[in-house]
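S.K.: Contents are TSV, C-alpha atoms and all ligand atoms; file name target-v5.tsv:
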chain	number	residue	atom	x	y	z
F	1	MET	CA	15.28	-19.64	12.38
F	2	LYS	CA	14.33	-16.09	11.78
F	3	SER	CA	16.65	-13.16	11.87
F	4	THR	CA	15.42	-9.96	13.42
F	5	GLU	CA	14.91	-6.89	11.29
F	6	GLU	CA	18.01	-5.38	12.88
F	7	GLU	CA	20.13	-8.40	12.01
F	8	ILE	CA	18.93	-8.39	8.42
F	9	LEU	CA	19.58	-4.67	8.12
F	10	GLU	CA	23.08	-5.12	9.46
F	11	GLY	CA	23.71	-7.95	7.01
F	12	LEU	CA	22.41	-6.06	4.00
F	13	SER	CA	23.46	-2.50	4.72
F	14	SER	CA	26.56	-2.85	2.55
F	15	GLN	CA	24.20	-3.53	-0.37
F	16	GLY	CA	22.43	-0.22	0.01
F	17	VAL	CA	19.62	-1.39	2.27
F	18	THR	CA	18.52	1.30	4.69
F	19	ALA	CA	15.45	-0.23	6.27
F	20	VAL	CA	14.01	-3.67	6.83
F	21	LYS	CA	10.47	-4.49	7.71
F	22	ARG	CA	9.22	-8.01	8.11
F	23	ILE	CA	5.77	-8.76	6.79
F	24	PHE	CA	3.29	-10.22	9.23
F	25	MET	CA	0.18	-12.16	8.46
F	26	LYS	CA	-2.96	-12.28	10.51
F	27	LYS	CA	-3.90	-15.75	11.67
F	28	GLY	CA	-7.07	-15.42	13.65
F	29	THR	CA	-6.26	-12.70	16.12
F	30	THR	CA	-2.50	-13.15	16.22
F	31	LEU	CA	0.13	-11.79	13.88
F	32	VAL	CA	2.52	-14.33	12.48
F	33	ALA	CA	5.88	-13.39	11.00
F	34	THR	CA	6.28	-14.44	7.39
F	35	LYS	CA	9.51	-15.11	5.50
F	36	HIS	CA	8.97	-11.94	3.48
F	37	VAL	CA	10.61	-8.67	4.26
F	38	ILE	CA	10.28	-5.25	2.73
F	39	LEU	CA	13.64	-3.66	2.00
F	40	THR	CA	14.28	0.01	1.47
F	41	PHE	CA	17.26	0.95	-0.66
F	42	ASN	CA	19.24	4.15	-0.70
F	43	THR	CA	19.41	4.25	-4.48
F	44	THR	CA	16.82	4.71	-7.16
F	45	LYS	CA	18.20	1.85	-9.21
F	46	LEU	CA	16.88	-1.39	-7.89
F	47	PRO	CA	19.08	-4.42	-7.59
F	48	SER	CA	17.57	-7.56	-9.06
F	49	THR	CA	18.93	-9.61	-6.19
F	50	VAL	CA	20.33	-9.16	-2.74
F	51	LYS	CA	22.79	-11.53	-1.18
F	52	ALA	CA	21.82	-12.78	2.24
F	53	GLY	CA	24.55	-14.96	3.61
F	54	TYR	CA	25.22	-17.42	0.82
F	55	ILE	CA	21.82	-17.08	-0.74
F	56	TYR	CA	20.88	-14.74	-3.53
F	57	CYS	CA	17.34	-13.51	-3.08
F	58	LYS	CA	15.51	-12.15	-6.07
F	59	THR	CA	13.73	-8.91	-5.53
F	60	ARG	CA	10.22	-8.12	-6.58
F	61	LEU	CA	8.30	-4.92	-6.77
F	62	TYR	CA	6.38	-4.30	-3.58
F	63	ILE	CA	2.87	-3.00	-4.17
F	64	PRO	CA	1.37	-1.77	-0.94
F	65	ASN	CA	-2.26	-2.39	-0.17
F	66	PRO	CA	-4.64	0.54	-0.45
F	67	ILE	CA	-5.04	2.64	2.64
F	68	ARG	CA	-8.56	2.72	3.97
F	69	CYS	CA	-9.65	5.16	6.62
F	70	PHE	CA	-10.88	3.44	9.79
F	71	LYS	CA	-13.08	6.40	10.54
F	72	CYS	CA	-14.99	7.23	7.33
F	73	GLN	CA	-14.05	3.99	5.47
F	74	ARG	CA	-12.99	5.80	2.32
F	75	PHE	CA	-9.75	5.05	0.55
F	76	GLY	CA	-6.65	7.15	0.12
F	77	HIS	CA	-6.17	8.58	3.60
F	78	SER	CA	-5.82	7.40	7.15
F	79	LYS	CA	-7.88	8.08	10.23
F	80	THR	CA	-5.55	10.76	11.52
F	81	ALA	CA	-6.02	12.85	8.37
F	82	CYS	CA	-9.74	12.18	8.11
F	83	ARG	CA	-12.18	14.98	7.63
F	84	GLY	CA	-15.09	12.67	6.91
F	85	ARG	CA	-17.78	11.32	9.19
F	86	GLN	CA	-17.46	8.35	11.46
F	87	THR	CA	-18.94	5.50	9.43
F	88	CYS	CA	-19.57	1.89	10.38
F	89	CYS	CA	-17.34	-0.52	8.49
F	90	LYS	CA	-20.02	-3.21	8.55
F	91	CYS	CA	-23.28	-1.48	7.74
F	92	ALA	CA	-22.21	1.98	6.52
F	93	SER	CA	-24.30	3.71	9.20
F	94	VAL	CA	-23.02	6.99	10.57
F	95	ASP	CA	-24.85	6.48	13.87
F	96	HIS	CA	-22.48	4.11	15.61
F	97	LEU	CA	-18.94	2.78	15.76
F	98	THR	CA	-18.07	-0.42	13.94
F	99	SER	CA	-17.44	-2.10	17.27
F	100	ASP	CA	-21.00	-1.29	18.37
F	101	CYS	CA	-22.62	-2.50	15.17
F	102	GLN	CA	-25.82	-4.50	15.71
F	103	SER	CA	-26.86	-4.66	12.10
F	104	ALA	CA	-27.54	-8.09	10.69
F	105	GLU	CA	-26.86	-6.96	7.16
F	106	LEU	CA	-23.63	-5.81	5.63
F	107	LEU	CA	-23.45	-2.70	3.52
F	108	CYS	CA	-20.26	-1.29	2.08
F	109	ALA	CA	-19.88	2.45	2.62
F	110	ASN	CA	-17.90	2.75	-0.59
F	111	CYS	CA	-19.76	0.71	-3.19
F	112	LYS	CA	-23.12	0.08	-1.44
F	113	GLN	CA	-22.89	-3.64	-2.03
F	114	PRO	CA	-23.60	-6.21	0.69
F	115	HIS	CA	-20.15	-6.65	2.18
F	116	SER	CA	-18.19	-4.84	4.83
F	117	ALA	CA	-16.03	-1.91	3.78
F	118	ASP	CA	-12.85	-3.89	4.49
F	119	SER	CA	-13.76	-6.65	2.03
F	120	LYS	CA	-11.21	-7.51	-0.61
F	121	ASP	CA	-14.11	-8.37	-2.90
F	122	CYS	CA	-15.13	-4.75	-2.92
F	123	PRO	CA	-14.85	-3.31	-6.44
F	124	GLN	CA	-13.63	-0.09	-4.91
F	125	TRP	CA	-10.85	-1.94	-3.10
F	126	LYS	CA	-9.83	-3.57	-6.40
F	127	LYS	CA	-9.71	-0.19	-8.08
F	128	GLU	CA	-7.60	1.20	-5.30
F	129	LYS	CA	-5.25	-1.76	-5.53
F	130	LYS	CA	-4.84	-1.03	-9.22
F	131	ILE	CA	-4.01	2.57	-8.38
F	132	GLN	CA	-1.35	1.35	-5.97
F	133	GLU	CA	0.10	-0.88	-8.66
F	134	VAL	CA	0.30	1.86	-11.29
F	135	ARG	CA	1.57	4.33	-8.77
F	136	THR	CA	4.34	2.02	-7.66
F	137	LYS	CA	5.38	0.79	-11.07
F	138	GLN	CA	5.32	4.16	-12.77
F	139	ASN	CA	6.50	6.08	-9.78
F	140	LEU	CA	3.53	8.42	-9.58
F	141	SER	CA	1.72	10.02	-6.72
F	142	TYR	CA	-1.50	8.41	-5.58
F	143	TYR	CA	-3.43	11.21	-7.19
F	144	GLU	CA	-1.58	11.07	-10.50
F	145	ALA	CA	-2.12	7.33	-10.74
F	146	LYS	CA	-5.79	7.71	-9.94
F	147	LYS	CA	-6.20	10.32	-12.62
F	148	LEU	CA	-4.39	8.18	-15.13
F	149	LEU	CA	-6.55	5.14	-14.46
F	150	PHE	CA	-9.90	6.78	-13.87
F	151	PRO	CA	-9.90	10.13	-15.63
F	152	GLU	CA	-13.68	10.42	-15.74
F	153	GLN	CA	-14.16	9.80	-12.08
F	154	ASN	CA	-11.58	12.35	-11.27
F	155	SER	CA	-13.15	15.05	-13.33
F	156	MET	CA	-16.43	14.26	-11.61
F	157	SER	CA	-15.01	14.46	-8.15
F	158	TYR	CA	-13.24	17.62	-9.17
F	159	SER	CA	-16.49	19.31	-10.05
F	160	ASN	CA	-17.94	18.05	-6.80
F	161	ALA	CA	-15.02	19.54	-4.99
F	162	LEU	CA	-15.65	22.87	-6.63
F	163	LYS	CA	-19.30	22.80	-5.69
F	164	SER	CA	-18.76	21.87	-2.12
F	165	SER	CA	-15.96	24.33	-1.64
F	166	THR	CA	-18.38	27.17	-2.26
F	167	SER	CA	-20.76	25.98	0.42
F	168	GLN	CA	-18.93	24.27	3.24
F	169	PRO	CA	-15.54	22.87	4.10
F	170	SER	CA	-14.91	20.11	1.64
F	171	GLN	CA	-14.86	16.46	2.46
F	172	THR	CA	-14.22	15.27	-1.03
F	173	ASP	CA	-11.70	12.71	-2.07
F	174	GLU	CA	-9.48	15.24	-3.70
F	175	ARG	CA	-8.75	17.30	-0.68
F	176	LEU	CA	-8.47	14.34	1.56
F	177	THR	CA	-6.03	12.79	-0.81
F	178	LYS	CA	-3.82	15.80	-0.70
F	179	VAL	CA	-3.94	15.95	3.03
F	180	ILE	CA	-3.06	12.38	3.44
F	181	VAL	CA	-0.24	11.58	1.19
F	182	PRO	CA	2.42	12.42	3.77
F	183	PRO	CA	1.50	9.61	6.17
F	184	LEU	CA	2.13	7.14	3.35
F	185	ILE	CA	5.74	8.09	3.30
F	186	LYS	CA	6.46	6.38	6.53
F	187	LEU	CA	6.12	3.09	4.72
F	188	LYS	CA	8.66	4.04	2.08
F	189	PRO	CA	11.36	6.15	3.57
F	190	VAL	CA	12.94	9.08	1.95
F	191	LYS	CA	14.34	8.19	-1.47
F	192	PRO	CA	14.21	4.56	-1.30
F	193	ASN	CA	13.48	1.54	-3.27
F	194	VAL	CA	11.51	-0.88	-1.24
F	195	LEU	CA	11.95	-4.49	-1.98
F	196	ARG	CA	10.26	-7.51	-0.66
F	197	VAL	CA	12.49	-10.47	-0.10
F	198	LYS	CA	11.69	-13.94	0.95
F	199	ASN	CA	13.74	-16.34	3.04
F	200	VAL	CA	16.31	-13.83	3.98
F	201	SER	CA	17.29	-15.88	6.95
F	202	THR	CA	18.20	-19.42	6.05
F	203	THR	CA	15.59	-21.73	4.66
F	204	LYS	CA	15.86	-23.10	1.18
F	205	PRO	CA	14.63	-21.14	-1.80
F	206	SER	CA	10.98	-21.44	-2.72
F	207	THR	CA	9.64	-21.88	-6.19
F	208	GLU	CA	7.67	-18.71	-6.29
F	209	SER	CA	8.36	-16.97	-9.54
F	210	PRO	CA	9.06	-13.26	-9.58
F	211	SER	CA	7.19	-12.70	-12.78
F	212	THR	CA	6.71	-8.98	-12.37
F	213	THR	CA	10.28	-8.15	-11.57
F	214	SER	CA	11.72	-7.32	-14.93
F	215	ALA	CA	8.76	-5.33	-16.16
F	216	ALA	CA	8.63	-3.38	-12.98
F	217	GLN	CA	12.29	-2.65	-13.02
F	218	SER	CA	12.42	-1.50	-16.58
F	219	LYS	CA	9.77	0.99	-15.67
F	220	PHE	CA	11.81	2.08	-12.76
F	221	LYS	CA	14.62	3.09	-14.97
F	222	LYS	CA	12.38	5.41	-16.86
F	223	HIS	CA	11.39	7.18	-13.72
F	224	SER	CA	14.54	7.31	-11.81
F	225	GLN	CA	13.89	10.63	-10.13
F	226	ASN	CA	11.79	9.69	-7.19
F	227	ALA	CA	11.36	7.15	-4.51
F	228	LYS	CA	10.30	3.70	-5.51
F	229	GLN	CA	8.99	0.52	-4.12
F	230	THR	CA	9.70	-3.00	-5.02
F	231	LYS	CA	8.87	-6.35	-3.77
F	232	ALA	CA	11.01	-9.40	-4.07
F	233	SER	CA	11.06	-13.07	-3.64
F	234	ASP	CA	13.89	-15.49	-3.69
F	235	GLN	CA	14.21	-18.05	-6.41
Y	301	ZN	ZN	-11.64	9.15	6.59
Y	302	ZN	ZN	-23.01	-0.81	11.73
Y	303	ZN	ZN	-17.58	-2.32	-1.38
As structure tokens, what does this structure read like?

M.R.:
Amino acid sequence: MKSTEEEILEGLSSQGVTAVKRIFMKKGTTLVATKHVILTFNTTKLPSTVKAGYIYCKTRLYIPNPIRCFKCQRFGHSKTACRGRQTCCKCASVDHLTSDCQSAELLCANCKQPHSADSKDCPQWKKEKKIQEVRTKQNLSYYEAKKLLFPEQNSMSYSNALKSSTSQPSQTDERLTKVIVPPLIKLKPVKPNVLRVKNVSTTKPSTESPSTTSAAQSKFKKHSQNAKQTKASDQ
């Protein structure tokens, strides 16, 4: 039996939870509800557990997946903030939409390797995931985390940004990143901690171990000024 998001929110609101979002998984073309939920808290200090009915659910830091633009395929912004060119997700061509792609060969627009731009094997995707992790754990902006992890790349793209800004309106990562950060906020409401919790409804606890919890939380304490995200599982 699965509680609705509203029911879970009602049940957990006394514990500081301000928003509940169930995580769905794609199975074929349909979305299937999982037992995981993302919780948003109204405090900056994250609880290590939440009590759902008679069950204590351990919380775990929630690391969101990188955002990839469906228009230009680059990371760090969404389609609505895109100032790049329409680019095919499958073959990296700028001549057609992904849905019209006839190409037999895959080419990633980001890393130029033979996979589609939405591949999780993409080295660029893995980098972006790392940025999300650092950003979440250390409570940094996307841009700060990127700079911390890949300082050389950033100085390069910075010089590119300078060059292009003298000639034409820039389409570099830097500017796009600045434009886009706001849309990200809708996933982690105003000053919240977001936690991911499993089995909030009823079923018995799983064995999944929340190995990152304590490390993540100790970092949280150091950066208690801003909004945070966490993910959680039950015991
Ligand atoms: Zn874009
Ligand atoms: Zn194509
Ligand atoms: Zn790639």

S.K.: Mind giving me the straight-line distance from atom CA of F:Val50 to atom CA of F:Val20 in Å, one decimal?

M.R.: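 These atoms are spaced 12.7 Å apart.
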
S.K.: Looking at F:Thr34, F:Ser119, F:Gln86, F:Ser103, which one is nearest to ligand ZN 303 (chain Y), with distances taken over only C-alpha atoms and all ligand atoms?

M.R.: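 Of all the options, F:Ser119 lies closest to ligand ZN 303 (chain Y).
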
S.K.: Show me, as a PDB file with C-alpha atoms, in the frame of the given file, the residues that have an atom within 12 Å of F:Ser14 when counting all atoms listed in the file, minus same-chain residues fewer than 6 positions from it.

M.R.:
ATOM      1  CA  ILE F   8      18.930  -8.390   8.420  1.00  0.00           C
ATOM      2  CA  PHE F  41      17.260   0.950  -0.660  1.00  0.00           C
ATOM      3  CA  ASN F  42      19.240   4.150  -0.700  1.00  0.00           C
ATOM      4  CA  VAL F  50      20.330  -9.160  -2.740  1.00  0.00           C
ATOM      5  CA  LYS F  51      22.790 -11.530  -1.180  1.00  0.00           C
ATOM      6  CA  ALA F  52      21.820 -12.780   2.240  1.00  0.00           C
TER       7      ALA F  52
END

S.K.: Measure the distance from atom CA of F:Arg60 to atom CA of F:Lys45 in Å and round it to one decimal.

M.R.: 13.0 Å

S.K.: I'd like a table as CSV: residues in chain F with an atom no more than 10 Å from ligand ZN 303 (chain Y), each row giving the shortest atom pair and its distance in Å to one decimal, only C-alpha atoms and all ligand atoms counted, sorted by chain and rising residue number.

M.R.:
residue,atom,partner,partner_atom,distance
F:Gln73,CA,Y:ZN303,ZN,10.0
F:Leu106,CA,Y:ZN303,ZN,9.9
F:Leu107,CA,Y:ZN303,ZN,7.7
F:Cys108,CA,Y:ZN303,ZN,4.5
F:Ala109,CA,Y:ZN303,ZN,6.6
F:Asn110,CA,Y:ZN303,ZN,5.1
F:Cys111,CA,Y:ZN303,ZN,4.1
F:Lys112,CA,Y:ZN303,ZN,6.0
F:Gln113,CA,Y:ZN303,ZN,5.5
F:Pro114,CA,Y:ZN303,ZN,7.5
F:His115,CA,Y:ZN303,ZN,6.2
F:Ser116,CA,Y:ZN303,ZN,6.7
F:Ala117,CA,Y:ZN303,ZN,5.4
F:Asp118,CA,Y:ZN303,ZN,7.7
F:Ser119,CA,Y:ZN303,ZN,6.7
F:Lys120,CA,Y:ZN303,ZN,8.3
F:Asp121,CA,Y:ZN303,ZN,7.1
F:Cys122,CA,Y:ZN303,ZN,3.8
F:Pro123,CA,Y:ZN303,ZN,5.8
F:Gln124,CA,Y:ZN303,ZN,5.7
F:Trp125,CA,Y:ZN303,ZN,7.0
F:Lys126,CA,Y:ZN303,ZN,9.3

S.K.: If I take atom CA of F:Arg135 and atom CA of F:Leu46, how far is one from the other in Å, to one decimal?

M.R.: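 Pair atom CA of F:Arg135 / atom CA of F:Leu46 returns 16.4 Å.
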
S.K.: Report as a ChimeraX atom specification which protein, DNA and RNA residues come within 10 Å of ligand ZN 302 (chain Y), using all atoms listed in the file.

M.R.: /F:87-107,116

S.K.: Compute the set of protein, DNA and RNA residues whose minimum atom distance to ligand ZN 301 (chain Y) is at most 6 Å, using all atoms listed in the file, and state it as a PyMOL selection string.

M.R.: chain F and resi 69+71-74+79+82-84

S.K.: Which of these, F:Thr44, F:Val32, F:Pro64, F:Glu152, has the shortest distance to F:Ile131 once you count only C-alpha atoms?

M.R.: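 Smallest separation from F:Ile131 among the options: F:Pro64.
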
S.K.: When distances are computed from all atoms listed in the file, which of F:Phe24, F:Phe70, F:Tyr56, F:Tyr142 shows the smallest separation from F:Lys129?

M.R.: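 Answer, going by the shortest atom-to-atom distance: F:Tyr142.
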
S.K.: Is it possible to get the axis-aligned box enclosing stretch 43-48 of chain F (all listed atoms, 5 Å extra per side) as lines of an AutoDock Vina configuration file, with centre and edge lengths in Å rounded to one decimal?

M.R.:
center_x = 18.1
center_y = -1.4
center_z = -6.8
size_x = 12.6
size_y = 22.3
size_z = 14.7
